[in-house]
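Dumped target-v2.tsv below, it's TSV, C-alpha atoms:
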```tsv
chain	number	residue	atom	x	y	z
A	1236	MET	CA	81.47	-93.91	12.10
A	1237	HIS	CA	78.75	-94.51	9.56
A	1238	SER	CA	77.04	-91.21	10.07
A	1239	TRP	CA	79.92	-88.93	9.24
A	1240	LEU	CA	80.48	-90.64	5.91
A	1241	MET	CA	76.95	-89.77	4.93
A	1242	LEU	CA	77.20	-86.34	6.43
A	1243	ALA	CA	80.14	-85.57	4.25
A	1244	GLU	CA	77.82	-85.66	1.28
A	1245	ALA	CA	75.01	-83.75	2.93
A	1246	ALA	CA	74.85	-80.03	2.31
A	1247	ALA	CA	74.34	-78.96	5.92
A	1248	PRO	CA	76.12	-81.15	8.47
A	1249	LYS	CA	73.95	-82.38	11.29
A	1250	GLY	CA	76.76	-82.67	13.75
A	1251	GLY	CA	77.13	-85.40	16.32
A	1252	LEU	CA	79.59	-86.69	18.81
A	1253	PHE	CA	81.77	-88.47	16.25
A	1254	ASP	CA	81.57	-85.86	13.55
A	1255	LEU	CA	84.92	-86.06	11.81
A	1256	ASP	CA	85.73	-83.34	9.30
A	1257	ALA	CA	88.49	-80.94	8.24
A	1258	THR	CA	88.92	-79.96	11.90
A	1259	LEU	CA	91.12	-83.03	12.27
A	1260	PRO	CA	93.91	-82.24	9.78
A	1261	LEU	CA	93.83	-78.53	10.59
A	1262	MET	CA	94.14	-79.29	14.29
A	1263	ALA	CA	97.06	-81.59	13.51
A	1264	VAL	CA	98.75	-78.81	11.54
A	1265	GLN	CA	98.06	-76.41	14.37
A	1266	VAL	CA	99.64	-78.74	16.93
A	1267	VAL	CA	102.68	-79.28	14.72
A	1268	LEU	CA	103.06	-75.53	14.36
A	1269	LEU	CA	102.66	-75.18	18.12
A	1270	THR	CA	105.41	-77.76	18.56
A	1271	PHE	CA	107.81	-75.71	16.46
A	1272	ILE	CA	106.82	-72.45	18.14
A	1273	LEU	CA	107.16	-73.93	21.64
A	1274	ASN	CA	110.46	-75.48	20.64
A	1275	ALA	CA	111.77	-72.07	19.65
A	1276	LEU	CA	110.20	-70.13	22.53
A	1277	PHE	CA	110.26	-72.62	25.37
A	1278	PHE	CA	112.23	-75.83	25.02
A	1279	GLN	CA	115.37	-74.39	23.42
A	1280	PRO	CA	115.84	-71.32	25.65
A	1281	VAL	CA	114.85	-73.01	28.89
A	1282	GLY	CA	116.96	-76.05	28.05
A	1283	LYS	CA	119.87	-73.78	27.25
A	1284	ALA	CA	119.43	-71.88	30.51
A	1285	VAL	CA	119.19	-75.05	32.57
A	1286	GLU	CA	122.16	-76.67	30.88
A	1287	GLU	CA	124.23	-73.51	31.16
A	1288	ARG	CA	123.45	-73.42	34.85
A	1289	GLU	CA	124.36	-77.08	35.23
A	1290	GLY	CA	127.62	-76.38	33.41
A	1291	PHE	CA	128.28	-73.35	35.58
A	1292	ILE	CA	127.61	-75.34	38.75
A	1293	SER	CA	129.80	-78.25	37.75
A	1294	SER	CA	132.65	-76.00	36.62
A	1295	SER	CA	132.37	-73.98	39.83
A	1296	ARG	CA	132.47	-77.20	41.80
A	1297	ALA	CA	135.54	-78.33	39.91
A	1298	GLN	CA	137.20	-74.99	40.52
A	1299	ALA	CA	136.36	-75.09	44.20
A	1300	LYS	CA	137.72	-78.63	44.45
A	1301	GLU	CA	140.90	-77.55	42.74
A	1302	LYS	CA	141.24	-74.64	45.15
A	1303	ILE	CA	140.72	-76.94	48.12
A	1304	ALA	CA	143.37	-79.29	46.79
A	1305	GLN	CA	145.72	-76.37	46.29
A	1306	ALA	CA	145.06	-75.12	49.81
A	1307	GLU	CA	145.73	-78.60	51.18
A	1308	ARG	CA	148.95	-78.83	49.21
A	1309	LEU	CA	150.03	-75.45	50.53
A	1310	GLU	CA	149.13	-76.48	54.05
A	1311	VAL	CA	151.28	-79.57	53.80
A	1312	GLU	CA	154.11	-77.54	52.32
A	1313	LEU	CA	153.87	-74.89	55.01
A	1314	LYS	CA	153.74	-77.50	57.74
A	1315	ALA	CA	156.92	-79.05	56.36
A	1316	GLN	CA	158.54	-75.62	56.26
A	1317	LEU	CA	157.44	-74.95	59.80
A	1318	LEU	CA	158.88	-78.27	60.95
A	1319	GLU	CA	162.14	-77.51	59.18
A	1320	ALA	CA	162.32	-74.09	60.77
A	1321	ARG	CA	161.64	-75.58	64.19
A	1322	LYS	CA	164.39	-78.10	63.67
A	1323	GLN	CA	166.78	-75.39	62.57
A	1324	SER	CA	166.01	-73.20	65.52
A	1325	GLN	CA	166.36	-76.17	67.83
A	1326	ALA	CA	169.76	-76.88	66.37
A	1327	LEU	CA	170.73	-73.23	66.71
A	1328	ILE	CA	169.64	-73.22	70.32
A	1329	GLN	CA	171.63	-76.34	71.01
A	1330	GLU	CA	174.64	-74.93	69.27
A	1331	ALA	CA	174.34	-71.72	71.26
A	1332	GLU	CA	174.01	-73.68	74.47
A	1333	VAL	CA	177.12	-75.69	73.66
A	1334	GLU	CA	178.95	-72.49	72.78
A	1335	VAL	CA	177.87	-70.79	75.98
A	1336	ASP	CA	178.93	-73.86	77.93
A	1337	ARG	CA	182.30	-73.86	76.22
A	1338	LEU	CA	182.80	-70.14	76.82
A	1339	PHE	CA	181.83	-70.62	80.43
A	1340	ARG	CA	184.27	-73.44	80.86
A	1341	ASP	CA	187.02	-71.51	79.11
A	1342	ALA	CA	186.43	-68.50	81.28
A	1343	LEU	CA	186.25	-70.68	84.35
A	1344	ALA	CA	189.48	-72.45	83.44
A	1345	LEU	CA	191.17	-69.13	82.74
A	1346	ALA	CA	190.01	-67.66	86.00
A	1347	GLN	CA	191.04	-70.75	87.88
A	1348	ALA	CA	194.45	-70.73	86.26
A	1349	ASP	CA	194.76	-67.05	87.08
A	1350	ALA	CA	193.72	-67.64	90.64
A	1351	ASN	CA	196.14	-70.56	90.95
A	1352	ALA	CA	198.95	-68.48	89.58
A	1353	THR	CA	198.20	-65.64	91.98
A	1354	LYS	CA	197.96	-68.11	94.87
A	1355	GLU	CA	201.26	-69.70	93.91
A	1356	LYS	CA	202.91	-66.34	93.65
A	1357	SER	CA	201.57	-65.30	97.05
A	1358	ARG	CA	202.69	-68.55	98.55
A	1359	VAL	CA	206.15	-68.13	97.15
A	1360	GLN	CA	206.21	-64.60	98.48
A	1361	VAL	CA	205.00	-65.73	101.87
A	1362	GLU	CA	207.60	-68.47	101.90
A	1363	ALA	CA	210.31	-66.01	101.03
A	1364	GLN	CA	209.20	-63.59	103.65
A	1365	LYS	CA	208.90	-66.42	106.14
A	1366	ALA	CA	212.43	-67.58	105.33
A	1367	GLU	CA	213.66	-64.02	105.58
A	1368	ALA	CA	211.87	-63.58	108.87
A	1369	PHE	CA	213.26	-66.88	110.12
A	1370	ALA	CA	216.71	-65.76	109.08
A	1371	GLY	CA	216.20	-62.44	110.90
A	1372	ILE	CA	215.06	-64.27	113.98
A	1373	ASP	CA	218.05	-66.58	113.80
A	1374	ILE	CA	220.42	-63.66	113.68
A	1375	GLN	CA	218.69	-61.88	116.55
A	1376	ALA	CA	218.52	-65.14	118.51
A	1377	THR	CA	222.22	-65.63	117.99
A	1378	LYS	CA	222.86	-62.01	119.02
A	1379	LEU	CA	220.59	-62.41	122.02
A	1380	GLY	CA	222.30	-65.69	122.94
A	1381	ALA	CA	225.65	-63.94	122.71
A	1382	VAL	CA	224.34	-61.09	124.89
A	1383	ILE	CA	223.01	-63.61	127.44
A	1384	VAL	CA	226.26	-65.51	127.37
A	1385	ASP	CA	228.24	-62.24	127.77
A	1386	ARG	CA	226.12	-61.14	130.69
A	1387	LEU	CA	226.36	-64.53	132.35
A	1388	LEU	CA	230.05	-64.62	131.82
A	1389	ALA	CA	230.44	-61.11	133.00
A	1390	ALA	CA	228.66	-61.85	136.18
B	1438	MET	CA	62.12	-78.02	31.63
B	1439	PRO	CA	60.99	-75.82	34.51
B	1440	PHE	CA	64.35	-74.26	35.33
B	1441	ASN	CA	66.03	-73.16	32.18
B	1442	LEU	CA	69.22	-71.86	33.77
B	1443	PRO	CA	71.80	-70.50	31.37
B	1444	LEU	CA	74.61	-72.31	33.19
B	1445	ALA	CA	72.95	-75.69	33.04
B	1446	GLU	CA	72.18	-76.47	29.48
B	1447	LEU	CA	73.34	-79.65	27.86
B	1448	GLU	CA	74.47	-79.64	24.29
B	1449	VAL	CA	76.14	-82.73	22.97
B	1450	GLY	CA	77.23	-83.11	19.40
B	1451	LYS	CA	76.26	-79.63	18.32
B	1452	HIS	CA	78.97	-77.71	16.58
B	1453	LEU	CA	79.56	-74.20	15.35
B	1454	TYR	CA	80.25	-74.91	11.72
B	1455	TRP	CA	82.66	-72.83	9.73
B	1456	LYS	CA	82.76	-73.44	6.03
B	1457	VAL	CA	86.03	-72.99	4.21
B	1458	GLY	CA	85.38	-73.87	0.60
B	1459	GLN	CA	84.11	-77.43	0.64
B	1460	LEU	CA	85.39	-78.09	4.13
B	1461	ASN	CA	83.51	-78.00	7.38
B	1462	LEU	CA	85.27	-76.92	10.51
B	1463	HIS	CA	84.24	-77.06	14.13
B	1464	GLY	CA	84.58	-73.41	14.99
B	1465	GLN	CA	84.16	-73.77	18.73
B	1466	VAL	CA	87.09	-76.20	18.88
B	1467	PHE	CA	89.36	-73.77	17.08
B	1468	LEU	CA	88.20	-70.81	19.14
B	1469	SER	CA	88.90	-72.54	22.42
B	1470	SER	CA	92.15	-74.04	21.14
B	1471	TRP	CA	93.33	-70.58	20.12
B	1472	ILE	CA	92.59	-69.29	23.59
B	1473	VAL	CA	94.47	-72.26	25.06
B	1474	ILE	CA	97.42	-71.80	22.71
B	1475	GLY	CA	97.39	-68.06	23.36
B	1476	ALA	CA	97.52	-68.62	27.11
B	1477	LEU	CA	100.34	-71.13	26.70
B	1478	LEU	CA	102.35	-68.82	24.45
B	1479	ALA	CA	101.76	-65.85	26.75
B	1480	LEU	CA	103.05	-67.85	29.71
B	1481	VAL	CA	106.08	-69.01	27.76
B	1482	VAL	CA	106.87	-65.56	26.37
B	1483	VAL	CA	106.52	-63.91	29.77
B	1484	GLY	CA	108.64	-66.60	31.42
B	1485	THR	CA	111.49	-66.60	28.92
B	1486	ARG	CA	111.65	-62.85	28.34
B	1487	LYS	CA	114.48	-62.39	30.79
B	1488	MET	CA	116.33	-65.62	31.48
B	1489	GLU	CA	118.60	-65.45	34.48
B	1490	ARG	CA	121.02	-67.81	36.06
B	1491	GLU	CA	119.09	-67.51	39.29
B	1492	PRO	CA	115.54	-68.10	38.11
B	1493	ARG	CA	112.79	-65.84	39.39
B	1494	GLY	CA	109.02	-65.80	39.02
B	1495	VAL	CA	107.60	-67.43	35.91
B	1496	GLN	CA	111.01	-68.69	34.85
B	1497	ASN	CA	110.92	-70.98	37.89
B	1498	LEU	CA	107.62	-72.47	36.78
B	1499	LEU	CA	108.87	-72.94	33.22
B	1500	GLU	CA	112.07	-74.58	34.38
B	1501	PHE	CA	110.06	-76.87	36.63
B	1502	LEU	CA	107.86	-77.80	33.66
B	1503	TRP	CA	110.87	-78.29	31.42
B	1504	ASP	CA	112.54	-80.49	34.00
B	1505	TYR	CA	109.36	-82.52	34.47
B	1506	LEU	CA	108.91	-83.02	30.73
B	1507	ARG	CA	112.59	-83.80	30.23
B	1508	ASP	CA	112.43	-86.49	32.89
B	1509	LEU	CA	109.26	-87.91	31.34
B	1510	ALA	CA	110.79	-88.01	27.85
B	1511	ARG	CA	114.12	-89.34	29.08
B	1512	ASP	CA	112.55	-92.10	31.15
B	1513	GLN	CA	110.42	-93.34	28.27
B	1514	ILE	CA	112.58	-92.68	25.20
B	1515	GLY	CA	116.01	-93.19	26.64
B	1516	GLU	CA	119.13	-91.10	26.98
B	1517	LYS	CA	120.14	-91.23	23.33
B	1518	ALA	CA	117.07	-90.04	21.47
B	1519	TYR	CA	115.03	-88.06	23.94
B	1520	ARG	CA	116.43	-84.67	22.95
B	1521	ASP	CA	114.89	-84.88	19.47
B	1522	TRP	CA	111.47	-85.69	20.84
B	1523	LEU	CA	111.28	-83.58	23.96
B	1524	PRO	CA	109.58	-80.64	22.17
B	1525	PHE	CA	106.94	-82.92	20.67
B	1526	ILE	CA	106.19	-84.79	23.89
B	1527	GLY	CA	106.29	-81.56	25.85
B	1528	THR	CA	103.96	-79.79	23.45
B	1529	LEU	CA	101.51	-82.70	23.59
B	1530	PHE	CA	101.52	-82.61	27.37
B	1531	LEU	CA	101.23	-78.84	27.66
B	1532	PHE	CA	98.55	-78.53	24.97
B	1533	ILE	CA	96.42	-81.34	26.38
B	1534	PHE	CA	96.93	-80.24	29.97
B	1535	VAL	CA	96.08	-76.60	29.34
B	1536	SER	CA	93.17	-77.64	27.12
B	1537	ASN	CA	91.74	-79.95	29.75
B	1538	TRP	CA	92.15	-77.51	32.60
B	1539	GLY	CA	91.00	-74.63	30.46
B	1540	GLY	CA	87.88	-76.57	29.61
B	1541	ALA	CA	87.23	-77.13	33.30
B	1542	LEU	CA	88.28	-73.77	34.71
B	1543	ILE	CA	87.35	-71.10	32.17
B	1544	PRO	CA	83.66	-70.07	32.36
B	1545	TRP	CA	83.01	-70.70	28.68
B	1546	LYS	CA	79.25	-70.39	29.13
B	1547	LEU	CA	79.58	-66.64	29.44
B	1548	ILE	CA	80.47	-66.54	25.74
B	1549	HIS	CA	77.43	-67.32	23.63
B	1550	LEU	CA	77.87	-68.96	20.29
B	1551	PRO	CA	75.18	-69.22	17.60
B	1552	SER	CA	75.47	-73.00	17.78
B	1553	GLY	CA	77.38	-75.42	19.96
B	1554	GLU	CA	79.37	-74.32	22.97
B	1555	LEU	CA	82.93	-73.65	23.88
B	1556	GLY	CA	84.79	-76.18	25.98
B	1557	ALA	CA	87.99	-78.13	26.16
B	1558	PRO	CA	89.36	-78.63	22.63
B	1559	THR	CA	90.23	-82.16	23.74
B	1560	ALA	CA	86.56	-82.98	24.24
B	1561	ASP	CA	86.20	-83.07	20.45
B	1562	ILE	CA	87.05	-86.34	18.73
B	1563	ASN	CA	88.76	-84.47	15.87
B	1564	THR	CA	91.36	-83.00	18.18
B	1565	THR	CA	92.17	-86.23	19.93
B	1566	ILE	CA	92.40	-88.21	16.70
B	1567	ALA	CA	94.62	-85.52	15.25
B	1568	LEU	CA	96.92	-85.79	18.27
B	1569	ALA	CA	96.90	-89.59	18.21
B	1570	LEU	CA	97.70	-89.71	14.49
B	1571	LEU	CA	100.54	-87.29	15.06
B	1572	VAL	CA	101.88	-89.70	17.67
B	1573	SER	CA	101.62	-92.56	15.16
B	1574	LEU	CA	103.46	-90.57	12.53
B	1575	ALA	CA	106.01	-89.54	15.12
B	1576	TYR	CA	106.90	-93.04	16.19
B	1577	PHE	CA	107.06	-94.33	12.65
B	1578	TYR	CA	109.28	-91.43	11.71
B	1579	ALA	CA	111.40	-91.90	14.83
B	1580	GLY	CA	111.92	-95.61	14.14
B	1581	LEU	CA	112.55	-95.24	10.42
B	1582	SER	CA	114.89	-92.27	10.73
B	1583	ARG	CA	116.94	-93.90	13.46
B	1584	LYS	CA	117.08	-97.49	12.24
B	1585	GLY	CA	116.06	-97.30	8.57
B	1586	LEU	CA	114.32	-100.41	7.30
B	1587	ARG	CA	115.68	-102.33	10.25
B	1588	TYR	CA	112.83	-100.67	12.11
B	1589	PHE	CA	110.55	-103.42	10.78
B	1590	GLU	CA	112.55	-106.04	12.64
B	1591	TYR	CA	110.60	-104.75	15.60
B	1592	TYR	CA	107.53	-106.48	14.15
B	1593	VAL	CA	109.08	-109.92	14.29
B	1594	GLU	CA	110.77	-109.62	17.64
B	1595	PRO	CA	111.09	-111.64	19.73
B	1596	THR	CA	109.39	-114.16	17.36
B	1597	PRO	CA	107.63	-113.83	13.98
B	1598	ILE	CA	104.45	-115.01	15.69
B	1599	MET	CA	104.15	-111.48	17.03
B	1600	LEU	CA	103.77	-110.01	13.52
B	1601	PRO	CA	99.96	-109.85	13.35
B	1602	PHE	CA	99.71	-108.52	16.90
B	1603	LYS	CA	102.26	-105.82	16.24
B	1604	ILE	CA	100.45	-104.79	13.07
B	1605	VAL	CA	97.15	-104.64	14.93
B	1606	GLU	CA	98.90	-102.57	17.59
B	1607	ASP	CA	99.67	-99.88	15.05
B	1608	PHE	CA	95.94	-99.40	14.69
B	1609	THR	CA	94.94	-99.83	18.31
B	1610	LYS	CA	97.55	-97.37	19.57
B	1611	PRO	CA	96.03	-94.26	18.00
B	1612	LEU	CA	92.55	-95.59	18.58
B	1613	SER	CA	93.06	-96.10	22.28
B	1614	LEU	CA	95.00	-92.85	22.67
B	1615	SER	CA	92.35	-90.76	20.99
B	1616	PHE	CA	89.31	-92.41	22.54
B	1617	ARG	CA	90.78	-92.49	26.02
B	1618	LEU	CA	91.42	-88.76	26.01
B	1619	PHE	CA	88.21	-87.88	24.23
B	1620	GLY	CA	86.09	-90.12	26.44
B	1621	ASN	CA	87.59	-88.94	29.69
B	1622	ILE	CA	87.35	-85.26	28.97
B	1623	LEU	CA	83.90	-85.43	27.42
B	1624	ALA	CA	82.64	-87.63	30.25
B	1625	ASP	CA	84.05	-85.22	32.79
B	1626	GLU	CA	82.35	-82.29	31.11
B	1627	LEU	CA	79.09	-84.21	30.87
B	1628	VAL	CA	79.18	-85.33	34.50
B	1629	VAL	CA	79.77	-81.80	35.66
B	1630	ALA	CA	77.12	-80.47	33.29
B	1631	VAL	CA	74.53	-83.05	34.37
B	1632	LEU	CA	75.24	-82.47	38.06
B	1633	ALA	CA	75.11	-78.72	37.58
B	1634	PHE	CA	71.86	-79.17	35.67
B	1635	LEU	CA	70.31	-81.18	38.51
B	1636	VAL	CA	71.77	-79.33	41.52
B	1637	PRO	CA	73.45	-76.07	40.54
B	1638	LEU	CA	75.19	-75.39	43.85
B	1639	VAL	CA	77.96	-77.16	45.79
B	1640	VAL	CA	77.10	-80.69	44.64
B	1641	PRO	CA	79.05	-80.53	41.34
B	1642	LEU	CA	82.16	-79.35	43.17
B	1643	PRO	CA	83.59	-82.81	44.01
B	1644	ALA	CA	83.00	-83.89	40.42
B	1645	MET	CA	84.77	-80.72	39.26
B	1646	PHE	CA	87.79	-81.47	41.43
B	1647	LEU	CA	87.78	-85.05	40.21
B	1648	GLY	CA	87.61	-83.61	36.71
B	1649	LEU	CA	90.69	-81.49	37.30
B	1650	PHE	CA	92.50	-84.56	38.58
B	1651	THR	CA	91.39	-86.64	35.58
B	1652	SER	CA	92.41	-83.84	33.23
B	1653	ALA	CA	95.93	-83.72	34.58
B	1654	ILE	CA	96.21	-87.51	34.61
B	1655	GLN	CA	94.97	-87.79	31.03
B	1656	ALA	CA	97.52	-85.27	29.82
B	1657	LEU	CA	100.24	-87.21	31.64
B	1658	ILE	CA	99.00	-90.55	30.25
B	1659	PHE	CA	98.85	-89.26	26.69
B	1660	ALA	CA	102.31	-87.75	26.83
B	1661	THR	CA	103.80	-90.77	28.59
B	1662	LEU	CA	102.30	-93.23	26.13
B	1663	ALA	CA	103.41	-91.12	23.16
B	1664	ALA	CA	106.93	-91.05	24.59
B	1665	TYR	CA	106.77	-94.79	25.28
B	1666	TYR	CA	105.73	-95.57	21.69
B	1667	ILE	CA	108.55	-93.43	20.35
B	1668	GLY	CA	110.94	-95.05	22.78
B	1669	GLU	CA	109.80	-98.49	21.64
B	1670	ALA	CA	110.41	-97.51	18.03
B	1671	VAL	CA	113.93	-96.18	18.57
B	1672	HIS	CA	114.92	-98.89	21.04
B	1673	GLU	CA	117.94	-100.90	19.92
B	1674	GLU	CA	117.75	-104.59	20.70
B	1675	GLN	CA	120.76	-105.90	22.55
B	1676	HIS	CA	122.00	-108.71	20.34
```
The structure in this file should be written as structure tokens.
Amino acid sequence: MHSWLMLAEAAAPKGGLFDLDATLPLMAVQVVLLTFILNALFFQPVGKAVEEREGFISSSRAQAKEKIAQAERLEVELKAQLLEARKQSQALIQEAEVEVDRLFRDALALAQADANATKEKSRVQVEAQKAEAFAGIDIQATKLGAVIVDRLLAA
Amino acid sequence: MPFNLPLAELEVGKHLYWKVGQLNLHGQVFLSSWIVIGALLALVVVGTRKMEREPRGVQNLLEFLWDYLRDLARDQIGEKAYRDWLPFIGTLFLFIFVSNWGGALIPWKLIHLPSGELGAPTADINTTIALALLVSLAYFYAGLSRKGLRYFEYYVEPTPIMLPFKIVEDFTKPLSLSFRLFGNILADELVVAVLAFLVPLVVPLPAMFLGLFTSAIQALIFATLAAYYIGEAVHEEQH
């Protein structure tokens, strides 16, 4: 430390390890300038790029999350619709089954009634014919009896 | 000296003097620092020429560096103030790191100077004191601009007994910063030079690798301490 004070007065500096001179302030100025230059050329643009990317990533993530939520909402909605549709179709099927059953029964009842009526009519007809036949037989039997009696009496 | 090899000469304390008016300058320090700054600026210009969202090539390296320096500054200074000081801390780190590695890796001996020799700019006490004084100015400015005169409360916290120690610290901080860097880099260069002078082949290699390691660590230490001092100055006490 002592030597450089003396050297400052000497015409030709002798040098030395601890030779402080105008290098110091100029180097400081140089480093300050470098700081500003690097700030403009390196720290600002790279920082901007990195932060823009971070912003892009986080906004993309948010968008993706929103889309997932929307998809889930839609899924729930569609499932509900599907369930509703199933229920409706089930009801329709049931209704149709009941209707078919009713139609079947109606038709059956109609057919049965028809059949009964036809049977009744036939029976009545058969009865009538039977009565007629019996009547015919009676008359013939009477005639035959009279013939027999006549023959017997004649003999 | 029987073997006067050109690669194994030792010159300590010899400088290439430039005279500007009444002022003396160490020319070799400026020459090598310009090369270092040129390399740094070239890297930065090449890397930021075409910034893309998906980084490629040099942009990757620059973003890695930026991230590294941002983390360093944020850890030491704190979330609130680190943005203002990131360029300063980052420039300190990059300048010292490239200077140190440049001093170790570039074959300066191939360039002959009339006096002195080229080497790491950080192996000159002027450079390191300049950097250390900039750090002192920076933390004073940081504290005063953020807290005004309340900055000086820092000297009496937690008790007024600390006052003399804190004042002494303001002098020891730049002193230790500058001499640590200067001593390490100069010692590394001297060790390598002495080993190369004694045994020119192979033997200096481990010392050279150690030197590269030391160089990187010193740049990190300087930048971290600078950031820590600034962080200390802007730190708000929780009352």
Next on the checklist: One number please: atom CA of Phe1291 of chain A to atom CA of Arg1490 of chain B, in Å, one decimal.
Outcome noted: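 Spanning atom CA of Phe1291 of chain A to atom CA of Arg1490 of chain B is a straight-line distance of 9.1 Å.
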Next on the checklist: Residues of chain B within 9 Å of chain A, counting only C-alpha atoms, what are they? List them as number ranges by chain.
Outcome noted: B: 1449-1452, 1454, 1460-1464, 1466-1467, 1470, 1474, 1477-1478, 1481-1482, 1484-1485, 1488-1491, 1496, 1499-1500, 1503-1504, 1523-1529, 1532, 1561-1568, 1570-1571
Checklist outcome for this item: Residue with the minimum atom-to-atom distance to His1672 of chain B, picked from B:Glu1516, B:Glu1606, B:Glu1626, B:Glu1554 with all atoms listed in the file counted, is B:Glu1516
Next on the checklist: One decimal, in Å: what's the spacing between atom CA of Ala1541 of chain B and atom CA of Ser1652 of chain B?
Outcome noted: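 Result for atom CA of Ala1541 of chain B versus atom CA of Ser1652 of chain B: 8.5 Å, one decimal.
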Checklist entry - atom CA of Val1639 of chain B to atom CA of Ala1653 of chain B: how many Å, to one decimal? => result 22.2 Å
